[in-house]
Amino acid sequence: MNRVAAGTLILLAFACGSGSAKSELDKKKEELEKVKSQQANLTEKQAALEKEILALDPSAVPAEKPKLVSLSKLSTSPFSHFIDLQGKIDAENISFVTPRGIGGQVKSIYVKTGDAVQKGQLLLKLEDAVIRQQIVTAKTQLEFAKNLHQRQKNLWDQNIGTEVQLITAKNNVDQAERQIIILNEQLAMTNVYAEISGVADEVNIKVGETFTGAPTSGIRIVNTSNLKVVAQVPENYIDRVKVGSAVVVTLPDIAKTITTKITVSGKLIDPNSRSFYIEAKMPADKSFRPNQIANVRIQDYTAKEAISIPMNTLQNDEKGKFVLVATTEDGKLKARKRVVKVGELYADKLEILDGLQAGDTLITDGFQGVYDGQLISTQQ
């Protein structure tokens with residue numbers, strides 16, 4: 001019984017303690033609400049008193065301090081949007097020299113890497129000893145065939161022999177002559193000529209090696225007088241990039257910039273890169289090299305007279321996009337909010353389609369925290 005009584009007393013004490021703690025918390029909350037209410041009343045009373053004092057003595061309330069800002073007068077100017085890509089320089093004419101026949105063993109080489117060559121210039125001589133021997137044999141056979149034909153003709157004139165024998169003899173002469181023509185053509189094929197004019201960019205063949213015209217073991221001629229820049233354009237620009245679009249090509253390695261126009265716009269979308277091919281002609285320049293990296297900027301939009309602003313001056317609120325402009329009201333410079341409609345963005349310049357006009361004064365710096373109607377000033 002003593003243990004039960006003791007447990008009951010402990011529970012009663014705990015319950016009383018919890019109730020006391022809860023009562024204390026409620027008191028603190030009530031006290032906080034009273035303080036907040038008093039503070040609100042004091043704030044309202046302060047505002048009312050300031051209003052009454054201002055009505056009796058305008059100079060009694062301190063004047064608002066203007067916010068220091070930077071301004072820029074807006075004017076119209078051309079605005080362009082570009083697609084920035086990476087491309088390369090390519091040659092219109094790159095020729096991998098090939099033999100006109102099946103090729104053969106190299107007998108002589110008449111060009112070295114870096115040499116300027118002209119179309120039709122002799123570059124290689126292939127081994128021709130076997131063909132020359134065949135020509136000698138064919139000529140002997142031709143003489144023999146001609147001799148037999150003449151003898152058969154003399155007999156025919158004397159009414160000796162048959163017409164078939166005469167025709168056969170003449171046919172043997174014709175065959176021997178055709179064989180010599182074929183062998184002479186094969187002999188000419190041992191001379192390898194340049195198909196285009198240009199520079200021997202690579203001569204990767206030696207005397208004694210077999211020449212077949214394969215790119216890995218042959219001669220490459222590059223004509224640098226007809227160069228072009230090529231690039232791949234993402235397919236989402238397909239309706240904005242056309243033949244005739246302006247292109248600004250920058251070659252960073254040699255610090256040169258060229259303006260040209262697109263001459264070819266591919267009709268096929270690459271299924272892997274989801275892009276299409278474009279090319280533009282480049283002027284002749286000895287410093288340009290095929291496969292040289294090029295920064296390609298394609299002009300896909302332009303406006304002759306546009307209002308543009310720095311991108312960082314654009315702000316957003318629940319009503320949409322806006323900027324702050326400076327206006328003079330009652331002799332005082334104030335900030336005013338202007339809701340704007342934006343167009344294209346390129347680099348840090350944003351085109352404004354509506355909401356601003358030439359002559360407006362844009363707040364370009366110090367606009368953070370400035371509200372509509374706030375007094376502003378500029379650094380003199």
# chains A, B, ... in the order shown; residues from 1 in each chain; ligands from 1
$ residues_around --residues "A:Ile205" --least-positions-apart "3" --cutoff "8 Å" --atoms "only C-alpha atoms" --output "ChimeraX atom specification"
/A:209,211,217-219
$ select_by_dssp --residues "stretch 225-358 of chain A" --states "helix (DSSP H, G or I)" --output "number ranges by chain"
A: 235-237, 311-313
$ write_last_selection --atoms "C-alpha atoms" --output "short mmCIF file (atom, residue, chain, number, x, y, z; two decimals), in the first residue's frame"
data_model
loop_
_atom_site.label_atom_id
_atom_site.label_comp_id
_atom_site.auth_asym_id
_atom_site.auth_seq_id
_atom_site.Cartn_x
_atom_site.Cartn_y
_atom_site.Cartn_z
CA GLU A 235 18.63 22.26 -86.82
CA ASN A 236 16.57 24.70 -84.72
CA TYR A 237 18.06 27.50 -86.85
CA MET A 311 20.92 42.87 -70.24
CA ASN A 312 21.67 43.48 -66.55
CA THR A 313 19.30 46.48 -66.42
#
$ atom_distance --atom1 "atom CA of A:Leu148" --atom2 "atom CA of A:Ile131"
25.5 Å
$ atom_distance --atom1 "atom CA of A:Leu268" --atom2 "atom CA of A:Ile221"
29.3 Å
$ closest_residue --among "A:Val230, A:Ile254, A:Val97, A:Val248" --to "A:Tyr277" --atoms "only C-alpha atoms"
A:Val230
$ residues_around --residues "A:Thr328" --least-positions-apart "4" --cutoff "12 Å" --atoms "only C-alpha atoms" --output "PyMOL selection string"
chain A and resi 332-336+360-361+373-377
$ residues_around --residues "stretch 259-267 of chain A" --least-positions-apart "6" --cutoff "8 Å" --atoms "only C-alpha atoms" --output "PDB file with C-alpha atoms, in the first residue's frame"
ATOM      1  CA  VAL A 241      19.979  30.445 -91.908  1.00  0.00           C
ATOM      2  CA  LYS A 242      19.815  30.681 -95.691  1.00  0.00           C
ATOM      3  CA  VAL A 243      22.033  31.126 -98.734  1.00  0.00           C
ATOM      4  CA  GLY A 244      23.085  34.778 -98.695  1.00  0.00           C
ATOM      5  CA  SER A 245      23.101  35.144 -94.889  1.00  0.00           C
ATOM      6  CA  ALA A 246      26.024  37.265 -93.693  1.00  0.00           C
ATOM      7  CA  VAL A 247      28.881  35.430 -91.980  1.00  0.00           C
ATOM      8  CA  VAL A 248      31.718  36.859 -89.892  1.00  0.00           C
ATOM      9  CA  VAL A 249      34.696  34.477 -89.867  1.00  0.00           C
ATOM     10  CA  PHE A 276      23.013  20.785 -91.158  1.00  0.00           C
ATOM     11  CA  TYR A 277      25.999  21.797 -93.281  1.00  0.00           C
ATOM     12  CA  ILE A 278      26.824  25.309 -94.479  1.00  0.00           C
ATOM     13  CA  GLU A 279      29.748  26.763 -96.375  1.00  0.00           C
ATOM     14  CA  ALA A 280      30.900  30.242 -97.377  1.00  0.00           C
ATOM     15  CA  LYS A 281      33.635  31.262 -99.785  1.00  0.00           C
ATOM     16  CA  MET A 282      36.863  32.740 -98.425  1.00  0.00           C
TER      17      MET A 282
END
$ residues_around --residues "stretch 182-186 of chain A" --least-positions-apart "2" --cutoff "12 Å" --atoms "only C-alpha atoms" --output "ChimeraX atom specification"
/A:99-104,126-139,175-180,188-192
$ atom_distance --atom1 "atom CA of A:Lys206" --atom2 "atom CA of A:Leu122"
15.6 Å
$ residues_around --residues "A:Gln368" --least-positions-apart "3" --cutoff "10 Å" --atoms "only C-alpha atoms" --output "list in words"
Val69, Thr313, Gln315, Leu324, Ile363, Thr364, Asp365 and Tyr371 of chain A
$ closest_residue --among "A:Ile307, A:Val106, A:Ala169, A:Leu362" --to "A:Val325" --atoms "only C-alpha atoms"
A:Leu362
$ closest_residue --among "A:Val342, A:Val207, A:Ala303, A:Val164" --to "A:Gln105" --atoms "only C-alpha atoms"
A:Val207
$ select_by_dssp --residues "stretch 176-208 of chain A" --states "strand (DSSP E or B)" --output "NGL selection string"
:A and (191-193 or 198-203)
$ write_last_selection --atoms "C-alpha atoms" --output "PDB file, in the first residue's frame"
ATOM      1  CA  ASN A 191      53.642   9.075-116.504  1.00  0.00           C
ATOM      2  CA  VAL A 192      51.652  10.491-113.567  1.00  0.00           C
ATOM      3  CA  TYR A 193      50.510  14.108-114.010  1.00  0.00           C
ATOM      4  CA  GLY A 198      48.335  24.083-106.434  1.00  0.00           C
ATOM      5  CA  VAL A 199      50.913  23.053-103.860  1.00  0.00           C
ATOM      6  CA  ALA A 200      52.234  19.536-103.259  1.00  0.00           C
ATOM      7  CA  ASP A 201      51.056  19.458 -99.655  1.00  0.00           C
ATOM      8  CA  GLU A 202      52.174  15.873 -99.118  1.00  0.00           C
ATOM      9  CA  VAL A 203      54.550  13.586-101.046  1.00  0.00           C
TER      10      VAL A 203
END
$ residues_around --residues "A:Gly366" --least-positions-apart "6" --cutoff "9 Å" --atoms "only C-alpha atoms" --output "list in words"
Lys67, Leu68, Val69 and Ser70 of chain A
